[in-house]
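Source file: work_21.cif; contents: mmCIF, C-alpha atoms.
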data_upload
#
loop_
_atom_site.label_atom_id
_atom_site.label_comp_id
_atom_site.auth_asym_id
_atom_site.auth_seq_id
_atom_site.Cartn_x
_atom_site.Cartn_y
_atom_site.Cartn_z
CA MET B 1 29.18 28.85 -19.21
CA SER B 2 30.76 27.11 -16.23
CA GLU B 3 27.40 27.14 -14.43
CA THR B 4 25.77 25.41 -17.43
CA ILE B 5 28.46 22.71 -17.42
CA GLU B 6 28.07 22.30 -13.66
CA ASN B 7 24.30 21.85 -14.00
CA LYS B 8 24.80 19.29 -16.80
CA ASN B 9 27.28 17.39 -14.64
CA LEU B 10 24.85 17.42 -11.72
CA MET B 11 21.99 16.01 -13.77
CA HIS B 12 24.36 13.47 -15.34
CA ASN B 13 25.66 12.32 -11.93
CA TYR B 14 22.15 12.26 -10.47
CA LEU B 15 20.78 9.99 -13.19
CA THR B 16 23.79 7.71 -13.61
CA ASN B 17 24.05 7.03 -9.87
CA ILE B 18 20.34 6.29 -9.63
CA GLY B 19 20.92 3.88 -12.52
CA ASP B 20 23.77 2.30 -10.56
CA GLY B 21 21.54 1.84 -7.50
CA ALA B 22 18.61 0.54 -9.55
CA PHE B 23 20.56 -2.20 -11.35
CA PHE B 24 22.51 -3.06 -8.21
CA GLY B 25 19.22 -3.52 -6.36
CA PHE B 26 17.92 -5.61 -9.29
CA GLY B 27 20.94 -7.86 -8.89
CA VAL B 28 20.42 -8.13 -5.13
CA GLY B 29 16.94 -9.48 -5.83
CA PHE B 30 18.53 -12.47 -7.59
CA ALA B 31 21.26 -12.89 -4.95
CA SER B 32 19.61 -11.65 -1.78
CA TYR B 33 21.60 -11.95 1.44
CA THR B 34 18.38 -12.59 3.37
CA THR B 35 16.56 -15.04 1.05
CA VAL B 36 18.28 -16.53 -2.01
CA ILE B 37 21.81 -17.02 -0.65
CA PRO B 38 20.61 -18.43 2.73
CA LEU B 39 18.35 -20.79 0.75
CA PHE B 40 21.36 -21.84 -1.32
CA ILE B 41 23.39 -22.50 1.83
CA SER B 42 20.46 -24.52 3.24
CA THR B 43 20.90 -26.98 0.36
CA LEU B 44 24.40 -27.64 1.70
CA THR B 45 23.73 -27.76 5.43
CA SER B 46 20.84 -27.92 7.90
CA SER B 47 22.76 -25.84 10.46
CA ALA B 48 20.64 -22.82 11.37
CA THR B 49 23.77 -21.16 12.73
CA LEU B 50 25.59 -21.34 9.40
CA ILE B 51 22.51 -20.25 7.47
CA GLY B 52 22.02 -17.33 9.87
CA LEU B 53 25.61 -16.23 9.32
CA VAL B 54 24.89 -15.23 5.72
CA PRO B 55 23.17 -11.86 6.37
CA ALA B 56 25.38 -11.29 9.44
CA ILE B 57 28.57 -11.62 7.37
CA HIS B 58 27.25 -9.14 4.82
CA ASN B 59 26.05 -6.58 7.38
CA VAL B 60 29.16 -6.70 9.55
CA GLY B 61 31.42 -6.77 6.49
CA TRP B 62 29.72 -3.63 5.19
CA GLN B 63 30.08 -1.73 8.47
CA LEU B 64 33.39 -2.71 10.05
CA PRO B 65 36.00 -1.74 7.39
CA GLN B 66 34.65 1.77 6.76
CA LEU B 67 36.77 3.44 9.42
CA LEU B 68 39.89 1.61 8.22
CA THR B 69 39.75 3.30 4.81
CA ALA B 70 39.13 6.82 6.15
CA SER B 71 42.78 7.92 6.23
CA ARG B 72 43.48 6.83 2.66
CA ILE B 73 40.30 8.41 1.32
CA SER B 74 41.01 11.73 3.02
CA LYS B 75 44.24 12.07 1.00
CA MET B 76 42.67 11.38 -2.40
CA GLU B 77 42.15 14.10 -4.99
CA ARG B 78 39.57 11.79 -6.62
CA VAL B 79 37.93 8.84 -4.87
CA LYS B 80 36.16 7.38 -7.92
CA PRO B 81 39.10 5.14 -9.02
CA PHE B 82 39.20 3.62 -5.54
CA VAL B 83 35.42 3.11 -5.59
CA MET B 84 35.49 1.46 -9.02
CA PHE B 85 38.19 -1.02 -8.01
CA MET B 86 36.82 -1.87 -4.57
CA THR B 87 33.23 -2.31 -5.73
CA ILE B 88 34.43 -5.12 -8.01
CA GLN B 89 35.30 -6.97 -4.80
CA GLU B 90 31.64 -6.90 -3.71
CA ARG B 91 30.31 -8.00 -7.11
CA LEU B 92 32.78 -10.62 -8.34
CA PRO B 93 32.16 -13.09 -5.46
CA ILE B 94 28.58 -13.58 -6.68
CA LEU B 95 30.02 -14.98 -9.91
CA GLY B 96 32.06 -17.30 -7.69
CA LEU B 97 28.86 -18.51 -6.02
CA ALA B 98 27.44 -19.22 -9.48
CA MET B 99 30.46 -21.40 -10.21
CA VAL B 100 30.03 -23.23 -6.89
CA GLY B 101 26.40 -23.89 -7.74
CA MET B 102 27.30 -25.06 -11.24
CA PHE B 103 29.95 -27.51 -10.04
CA LEU B 104 28.08 -28.80 -6.98
CA PRO B 105 27.79 -32.34 -8.37
CA ARG B 106 31.61 -32.50 -8.52
CA LEU B 107 32.27 -30.70 -5.22
CA SER B 108 31.96 -32.26 -1.79
CA VAL B 109 29.46 -30.58 0.51
CA SER B 110 32.18 -29.47 2.91
CA ALA B 111 34.28 -27.98 0.09
CA ALA B 112 31.24 -26.16 -1.34
CA LEU B 113 30.43 -24.74 2.11
CA ILE B 114 33.98 -23.55 2.75
CA ILE B 115 34.29 -21.93 -0.68
CA SER B 116 30.84 -20.32 -0.36
CA PHE B 117 31.63 -18.74 3.01
CA LEU B 118 35.03 -17.53 1.81
CA LEU B 119 33.25 -15.85 -1.11
CA LEU B 120 30.67 -14.31 1.25
CA ILE B 121 33.42 -12.93 3.49
CA TRP B 122 35.16 -11.51 0.41
CA GLN B 123 31.88 -9.97 -0.73
CA GLY B 124 31.13 -8.46 2.68
CA LEU B 125 34.59 -6.95 3.07
CA GLY B 126 34.48 -5.67 -0.51
CA ALA B 127 31.24 -3.87 0.26
CA GLY B 128 32.71 -2.37 3.43
CA LEU B 129 35.90 -1.23 1.74
CA THR B 130 33.81 0.46 -0.96
CA ALA B 131 31.19 2.06 1.28
CA ASN B 132 33.09 4.98 2.83
CA ALA B 133 34.67 6.09 -0.45
CA TRP B 134 31.33 5.75 -2.28
CA GLN B 135 29.58 7.97 0.28
CA ILE B 136 32.35 10.56 0.02
CA MET B 137 32.12 10.48 -3.79
CA ILE B 138 28.37 11.04 -3.60
CA SER B 139 28.91 13.97 -1.21
CA LYS B 140 31.20 15.54 -3.84
CA VAL B 141 28.92 15.12 -6.86
CA ILE B 142 25.48 15.63 -5.25
CA PRO B 143 24.93 18.95 -3.41
CA SER B 144 23.85 18.84 0.21
CA ASN B 145 20.50 20.56 -0.39
CA ILE B 146 19.22 17.71 -2.62
CA ARG B 147 21.28 14.81 -1.24
CA ALA B 148 18.51 13.24 0.87
CA THR B 149 16.16 13.41 -2.11
CA PHE B 150 18.81 11.70 -4.24
CA PHE B 151 19.33 8.91 -1.71
CA GLY B 152 15.55 8.53 -1.48
CA PHE B 153 15.06 8.10 -5.22
CA GLN B 154 18.06 5.80 -5.49
CA ALA B 155 16.75 3.62 -2.64
CA ALA B 156 13.26 3.58 -4.18
CA ALA B 157 14.62 2.45 -7.55
CA SER B 158 16.78 -0.16 -5.85
CA ASN B 159 13.94 -1.53 -3.71
CA LEU B 160 11.49 -1.63 -6.61
CA LEU B 161 13.80 -3.60 -8.91
CA SER B 162 15.01 -5.72 -6.00
CA SER B 163 11.44 -6.88 -5.34
CA LEU B 164 11.05 -7.69 -9.06
CA GLY B 165 14.32 -9.62 -8.96
CA ALA B 166 13.16 -11.53 -5.87
CA PHE B 167 9.96 -12.53 -7.66
CA LEU B 168 11.84 -13.64 -10.78
CA SER B 169 14.39 -15.57 -8.72
CA GLY B 170 11.51 -17.48 -7.12
CA VAL B 171 10.20 -18.40 -10.58
CA ILE B 172 13.69 -19.53 -11.68
CA LEU B 173 14.22 -21.67 -8.58
CA SER B 174 10.84 -23.36 -9.10
CA LYS B 175 11.28 -23.96 -12.84
CA ILE B 176 14.97 -24.86 -13.23
CA SER B 177 16.44 -28.03 -11.76
CA PRO B 178 19.70 -28.26 -9.78
CA PRO B 179 22.54 -27.52 -10.25
CA PHE B 180 21.47 -24.77 -12.65
CA ASP B 181 18.76 -23.22 -10.45
CA PHE B 182 20.86 -21.13 -8.05
CA ALA B 183 23.69 -20.84 -10.57
CA THR B 184 21.28 -19.13 -12.99
CA CYS B 185 20.15 -16.64 -10.33
CA PHE B 186 23.74 -15.78 -9.43
CA LEU B 187 24.78 -15.42 -13.08
CA ILE B 188 21.88 -13.03 -13.75
CA ALA B 189 22.84 -11.07 -10.62
CA THR B 190 26.43 -10.83 -11.88
CA GLY B 191 25.26 -9.49 -15.24
CA LEU B 192 23.11 -6.86 -13.52
CA TYR B 193 26.04 -5.89 -11.28
CA VAL B 194 28.13 -5.31 -14.43
CA ILE B 195 25.46 -2.97 -15.81
CA SER B 196 25.36 -1.22 -12.44
CA TRP B 197 29.17 -0.87 -12.48
CA ILE B 198 29.00 0.70 -15.96
CA PHE B 199 26.50 3.29 -14.71
CA LEU B 200 28.70 4.03 -11.68
CA ASP B 201 31.74 4.43 -13.93
CA GLN B 202 29.99 7.31 -15.71
CA THR B 203 30.19 9.47 -12.56
CA ARG B 204 31.93 12.78 -13.20
CA GLU B 205 34.02 13.69 -10.15
CA GLN B 206 36.14 16.82 -9.98
CA LYS B 207 39.57 16.78 -8.40
CA ARG B 208 39.96 18.54 -5.09
CA SER B 209 43.11 20.21 -3.85
CA ILE B 210 44.89 18.47 -0.99
CA ASP B 211 46.77 20.38 1.68
CA PRO B 212 50.34 18.97 1.76
CA GLN B 213 50.14 18.93 5.56
CA MET B 214 47.37 16.36 5.29
CA MET B 215 49.84 13.90 3.79
CA ALA B 216 51.80 13.69 7.06
CA PRO B 217 51.00 10.52 9.02
CA THR B 218 48.76 10.91 12.06
CA PRO B 219 46.97 7.85 13.50
CA VAL B 220 43.28 7.87 12.61
CA PHE B 221 42.43 6.94 16.19
CA ASN B 222 43.86 10.30 17.29
CA ASN B 223 41.31 12.02 15.08
CA MET B 224 38.59 9.74 16.40
CA ARG B 225 39.45 10.66 19.97
CA GLU B 226 39.45 14.35 19.14
CA ILE B 227 36.10 14.13 17.34
CA LEU B 228 34.47 12.17 20.17
CA LYS B 229 35.90 14.61 22.72
CA ASN B 230 35.03 17.88 20.97
CA ASP B 231 31.96 17.06 18.87
CA ARG B 232 29.43 16.24 21.56
CA SER B 233 26.52 16.39 19.13
CA PHE B 234 28.09 13.77 16.85
CA ARG B 235 28.90 11.58 19.84
CA ASN B 236 25.26 11.67 20.88
CA TYR B 237 24.23 10.99 17.29
CA LEU B 238 26.30 7.79 17.35
CA ILE B 239 24.62 6.74 20.60
CA SER B 240 21.20 7.37 19.02
CA ARG B 241 22.11 5.22 15.99
CA PHE B 242 23.28 2.48 18.34
CA MET B 243 20.00 2.63 20.28
CA THR B 244 17.94 2.76 17.09
CA GLN B 245 19.27 -0.64 16.02
CA PHE B 246 17.73 -2.09 19.18
CA GLY B 247 14.61 -0.04 18.52
CA MET B 248 14.26 -1.89 15.20
CA MET B 249 15.07 -5.37 16.54
CA SER B 250 11.38 -6.34 16.49
CA TYR B 251 11.17 -6.15 12.68
CA ALA B 252 12.70 -9.58 12.19
CA PHE B 253 9.98 -11.12 14.35
CA ASN B 254 6.86 -9.40 12.99
CA ILE B 255 5.99 -12.17 10.52
CA VAL B 256 6.86 -14.99 12.94
CA PHE B 257 4.71 -13.42 15.66
CA ALA B 258 1.75 -12.81 13.33
CA VAL B 259 1.84 -16.37 11.98
CA SER B 260 2.32 -18.12 15.32
CA LYS B 261 0.11 -15.94 17.55
CA LEU B 262 -2.49 -14.41 15.23
CA GLY B 263 -2.89 -17.28 12.79
CA MET B 264 -1.71 -15.36 9.73
CA THR B 265 -1.53 -17.58 6.62
CA THR B 266 1.50 -17.81 4.35
CA VAL B 267 -0.45 -15.95 1.66
CA GLN B 268 -1.19 -13.12 4.08
CA ALA B 269 2.46 -13.14 5.16
CA GLY B 270 3.48 -12.68 1.54
CA ILE B 271 1.06 -9.76 1.21
CA MET B 272 2.55 -8.17 4.35
CA THR B 273 6.05 -8.49 2.88
CA SER B 274 4.81 -6.81 -0.31
CA ILE B 275 3.26 -4.00 1.75
CA LEU B 276 6.62 -3.49 3.50
CA LEU B 277 8.48 -3.26 0.17
CA ILE B 278 5.89 -0.95 -1.42
CA THR B 279 5.99 1.30 1.64
CA GLN B 280 9.78 1.59 1.40
CA VAL B 281 9.63 2.32 -2.34
CA ALA B 282 7.12 5.13 -1.76
CA ALA B 283 8.59 6.43 1.51
CA ASN B 284 12.22 6.80 0.46
CA PRO B 285 11.87 9.65 -2.08
CA LEU B 286 9.11 11.35 -0.05
CA LEU B 287 11.13 11.27 3.16
CA GLY B 288 14.26 12.36 1.31
CA ARG B 289 12.45 15.38 -0.12
CA LEU B 290 10.94 16.16 3.27
CA ALA B 291 14.38 15.98 4.90
CA ASP B 292 15.90 18.35 2.33
CA LYS B 293 13.07 20.87 2.67
CA TRP B 294 12.42 20.55 6.41
CA SER B 295 15.02 18.96 8.68
CA ARG B 296 17.10 15.77 8.47
CA LYS B 297 17.15 15.41 12.25
CA SER B 298 13.36 15.81 12.52
CA VAL B 299 12.79 13.11 9.91
CA LEU B 300 15.09 10.79 11.85
CA ILE B 301 12.99 11.46 14.95
CA LEU B 302 9.87 10.70 12.89
CA GLY B 303 11.42 7.37 11.91
CA CYS B 304 12.14 6.46 15.53
CA ALA B 305 8.55 7.36 16.47
CA CYS B 306 7.23 5.10 13.69
CA SER B 307 9.48 2.31 14.97
CA ALA B 308 8.15 2.64 18.53
CA ILE B 309 4.50 2.77 17.41
CA SER B 310 5.05 -0.21 15.09
CA SER B 311 6.32 -2.34 17.99
CA LEU B 312 3.48 -1.33 20.30
CA LEU B 313 0.81 -1.94 17.63
CA ALA B 314 2.19 -5.45 17.05
CA ILE B 315 1.06 -6.52 20.52
CA THR B 316 -2.24 -4.62 20.54
CA ILE B 317 -3.68 -5.37 17.09
CA ILE B 318 -5.93 -8.41 16.94
CA ASP B 319 -7.34 -8.05 13.42
CA ILE B 320 -4.83 -9.57 10.98
CA ASN B 321 -5.78 -7.12 8.25
CA LEU B 322 -4.90 -4.18 10.48
CA PHE B 323 -1.50 -5.77 11.13
CA SER B 324 -0.45 -4.17 7.85
CA LEU B 325 -0.06 -0.95 9.87
CA VAL B 326 2.85 -2.59 11.69
CA PHE B 327 4.64 -3.20 8.39
CA ILE B 328 3.82 0.23 6.97
CA LEU B 329 5.30 1.97 10.02
CA ALA B 330 8.30 -0.38 10.03
CA GLY B 331 8.90 0.43 6.35
CA ILE B 332 8.81 4.18 7.04
CA ALA B 333 11.15 3.78 10.02
CA ASN B 334 13.60 1.66 8.03
CA ALA B 335 13.62 4.22 5.19
CA CYS B 336 14.32 7.02 7.68
CA TYR B 337 17.16 5.13 9.33
CA TRP B 338 19.02 4.29 6.13
CA THR B 339 18.17 7.05 3.64
CA ILE B 340 18.27 9.96 6.07
CA GLY B 341 21.03 8.29 8.07
CA PHE B 342 23.26 8.27 4.97
CA THR B 343 22.52 11.94 4.41
CA ILE B 344 22.97 13.27 7.91
CA SER B 345 26.22 11.34 8.44
CA LEU B 346 27.68 13.28 5.50
CA GLU B 347 26.73 16.59 7.14
CA PHE B 348 29.03 16.24 10.15
CA GLY B 349 32.55 17.64 10.12
CA THR B 350 34.62 19.45 7.53
CA GLU B 351 35.53 17.96 4.16
CA GLU B 352 38.94 16.72 5.29
CA HIS B 353 37.48 14.98 8.34
CA ARG B 354 34.36 13.64 6.63
CA PRO B 355 35.76 10.16 5.84
CA VAL B 356 36.44 9.66 9.56
CA TYR B 357 32.94 10.83 10.46
CA VAL B 358 31.40 8.50 7.87
CA GLY B 359 33.56 5.60 9.04
CA MET B 360 32.64 6.17 12.68
CA SER B 361 28.93 6.46 11.80
CA ASN B 362 28.99 2.91 10.47
CA THR B 363 31.90 1.03 12.01
CA LEU B 364 31.17 2.00 15.61
CA ILE B 365 27.56 0.82 15.44
CA ALA B 366 28.47 -2.59 13.99
CA PRO B 367 28.19 -4.30 17.43
CA SER B 368 24.56 -3.22 17.71
CA THR B 369 23.83 -4.77 14.31
CA ILE B 370 24.93 -8.11 15.72
CA LEU B 371 23.59 -7.78 19.26
CA ALA B 372 20.12 -6.36 18.52
CA PRO B 373 18.62 -9.44 16.78
CA LEU B 374 20.28 -11.70 19.36
CA LEU B 375 18.69 -9.73 22.21
CA GLY B 376 15.35 -9.79 20.40
CA GLY B 377 15.51 -13.56 20.02
CA LEU B 378 16.49 -14.10 23.66
CA LEU B 379 13.68 -11.86 24.92
CA ALA B 380 11.14 -13.61 22.68
CA ASP B 381 12.31 -17.08 23.80
CA PHE B 382 12.53 -16.44 27.53
CA SER B 383 10.06 -13.61 28.22
CA GLY B 384 7.69 -13.79 25.28
CA TYR B 385 7.06 -11.67 22.21
CA PRO B 386 5.17 -8.89 24.06
CA THR B 387 8.21 -8.21 26.25
CA MET B 388 10.48 -8.11 23.21
CA PHE B 389 8.17 -5.65 21.39
CA ILE B 390 7.93 -3.40 24.46
CA VAL B 391 11.71 -3.35 24.97
CA SER B 392 12.15 -2.53 21.28
CA ALA B 393 9.72 0.39 21.64
CA ILE B 394 11.60 1.63 24.73
CA PHE B 395 14.89 1.71 22.82
CA ALA B 396 13.20 3.65 20.01
CA GLY B 397 11.91 6.10 22.61
CA ILE B 398 15.41 6.55 24.02
CA SER B 399 16.63 7.35 20.50
CA ILE B 400 13.93 10.00 20.15
CA LEU B 401 15.02 11.66 23.39
CA ILE B 402 18.70 11.66 22.44
CA LEU B 403 18.05 13.06 18.97
CA SER B 404 15.60 15.69 20.23
CA ILE B 405 17.63 16.99 23.17
CA LEU B 406 21.30 16.11 22.64
CA VAL B 407 21.88 16.19 18.87
CA LYS B 408 22.18 19.48 17.01
CA ASP B 409 21.36 19.74 13.33
CA PRO B 410 24.81 19.18 11.74
CA ALA B 411 23.95 21.43 8.78
CA ASN B 412 23.95 24.37 11.23
CA HIS B 413 26.58 23.10 13.66
CA ARG B 414 30.31 22.78 12.99
CA PRO B 415 32.48 22.08 16.06
CA GLU B 416 36.06 23.20 16.30
CA ILE B 417 38.10 20.14 15.32
CA SER B 418 41.83 20.35 14.77
CA SER B 419 42.82 20.37 11.12
CA SER B 420 45.63 17.93 11.83
CA PRO B 421 46.15 15.42 9.02
CA ILE B 422 44.27 12.17 9.05
CA ASN B 423 45.92 8.82 8.58
#

Show how you would write the structure in this file as C-alpha cells.
Amino acid sequence: MSETIENKNLMHNYLTNIGDGAFFGFGVGFASYTTVIPLFISTLTSSATLIGLVPAIHNVGWQLPQLLTASRISKMERVKPFVMFMTIQERLPILGLAMVGMFLPRLSVSAALIISFLLLIWQGLGAGLTANAWQIMISKVIPSNIRATFFGFQAAASNLLSSLGAFLSGVILSKISPPFDFATCFLIATGLYVISWIFLDQTREQKRSIDPQMMAPTPVFNNMREILKNDRSFRNYLISRFMTQFGMMSYAFNIVFAVSKLGMTTVQAGIMTSILLITQVAANPLLGRLADKWSRKSVLILGCACSAISSLLAITIIDINLFSLVFILAGIANACYWTIGFTISLEFGTEEHRPVYVGMSNTLIAPSTILAPLLGGLLADFSGYPTMFIVSAIFAGISILILSILVKDPANHRPEISSSPIN
C-alpha cells in the first residue's frame, strides 16, 4: 500500500514540477532577461552598459546567494514553504516592471530607470534565494535514477513554451502602442508565473528527521573549507565548471561573427536562433535519459566536446548553411552544462551537506559568469574573432581533461566529510 502511494506521489511530483517549469518558461518568453527586458530598458536609455547589466544582474543574482541559504536549508524538515515564499520574490518584480511601463508617461526617465533596476535586483536576488532550496526539494521528491531525465523534460517544456512566448511578445510589441506594449508583455508574464506557482505549490514533500546536533551553530565557511580540503573530486568538478564557462564564451558572438564576417542575413540569423532553441528542446530530455542510463560525468564531457568543436567549426565553416552545425553543437553543450550540471551537483555529499554542495556549485562559479563574456569581447576586439573562438575551444578542452582524469562519478564516490552541523 505504501509503495502504491509512493509511486502516485512520484508521478504527481514529476508532472506538477514539469508544469511549473513549462509555465515559468512561458512567462520568461514574455519577460526575457536577454531580449524583452533589455529592449524595454533601451527605450529609457541608450547606454549599452546599462542595457548589458540586465542579463548580468539576473545571472549573478541567481548564483551568488545560493551558498548563503545553505545553513538554513540544511536545518529544515520541509523546504517547500521556504521555496514557495522566496519564489514570489523572483516573480512579483515583473508585475512591478509592468507598472513602470504603464506609468511611463507620468514618470521621469531617471525615476523609471532607477525603479526598473531596483526591481531587477530584487528579481535576481529572489531567484538566487529560491534556487538552492528548490534544487534540494527536487532532490527529495525525484529519485536520483530518473532525476536527469526529469530535468531534461522540464527544460524542454520550458524552452519550448519560452520560444512561443518570445514569438508572441514580438507580435505584441509590434501591434500595441506605448505605454501598453511592454506593460502587456509583463502582465502576461506575471499571470503565467502565477500559474507556474500554483503547479509548484502542488509538490508533495515528506518531512525528514533532523539530528538535534545539526541545530548547533557552526559557520558554513568551516564546512566549505572541510569539503574543499577532503573532497578532491568535488573541488576539481568546481574547477571544471569554472573553465566550462570560458569554454562557452563564444556562444554570445556566434551570430555577430556570422553576420559581420560571413554575410549572414537577419532572416538567416533568425533561423539559426530557432535551430538553437529546437536543438535544446530535443537535446534536454534525450541527454537527461542518457545521463541516467549511462553516466552523468560522461555526458558532461560530451557537452564540453561539443562546445570545443562548435568554436572550432565557427572559424572553419565558409558555407552559411553549414553554420547551423555551430548552433546545433552549442545547443547540445548548453543543455549538458545546465541539465546535467543540475543533476550531478545534487549527487555530491550526504543529505545534510547537500545544500552546501549545491550552493558552492553555483555561488563559487559566479565570477566566471561575469568574466567569460568580458574576456570573449576583449579577445574579439583586440585579437579578432578567430583568436576568441580558439581560446574558447582550449578552455573547453581543459574542462574535458579535468572531468576525465580528476573528477570521480559522485554517484559512486562519497568522501569522508565530518557530520558537524552546518550553519

Open item on the list: Could you list, as a PyMOL selection string, every residue matched by the PyMOL selection byres ((chain B and resi 163-170) around 8) in this structure?
Closed with: chain B and resi 26-30+32+36+159-162+171-174+185+277

TODO: Using the chain letters and numbers from the file, give me the residues hit by the PyMOL selection byres ((chain B and resi 118) around 12), as a PyMOL selection string.
DONE: chain B and resi 54+57-58+93-94+96-97+100+111-117+119-125

Task: Pairwise distance for atom CA of B:Pro410 and atom CA of B:Ile344, rounded to one decimal in Å - done: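 Distance reported for this atom pair: 7.3 Å.
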
Per residue of stretch 16-46 of chain B within 12 Å of stretch 127-150 of chain B, which atom pair is closest and at what distance in Å (one decimal), using all atoms listed in the file, listed by chain and increasing number, as a tab-separated table?
residue	atom	partner	partner_atom	distance
B:Thr16	CA	B:Val141	CA	11.3
B:Asn17	CA	B:Ile138	CA	8.6
B:Ile18	CA	B:Phe150	CA	7.8
B:Gly19	CA	B:Phe150	CA	11.6
B:Asp20	CA	B:Trp134	CA	11.7
B:Gly21	CA	B:Phe150	CA	10.7

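Among the candidate residues B:Val83, B:Val220, B:Leu50, B:Leu302, the one lying nearest to B:Leu401 is B:Leu302, with distances computed using all atoms listed in the file.
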
Open item on the list: Considering only C-alpha atoms, can you say which of B:Leu238, B:Leu276, B:Met11, B:Leu39 comes closest to B:Ile365?
Closed with: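 Ranked by minimum distance to B:Ile365, first place goes to B:Leu238.
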
Task: Pick from B:Ala308, B:Leu379, B:Ile320, B:Cys336 nearest to B:Phe395, counting all atoms listed in the file - done: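 Among the listed residues, the smallest separation from B:Phe395 belongs to B:Ala308.
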
TODO: Could you list the residues chosen by the PyMOL selection byres ((chain B and resi 255) around 10) in this structure as a list in words?
DONE: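 When the PyMOL selection byres ((chain B and resi 255) around 10) is applied to the shown file, the picked residues are Ser250, Tyr251, Ala252, Phe253, Asn254, Val256, Phe257, Ala258, Val259, Ser260, Lys261, Leu262, Met264, Thr266, Gln268, Ala269, Gly270, Met272, Thr273, Phe323 and Phe327 of chain B.
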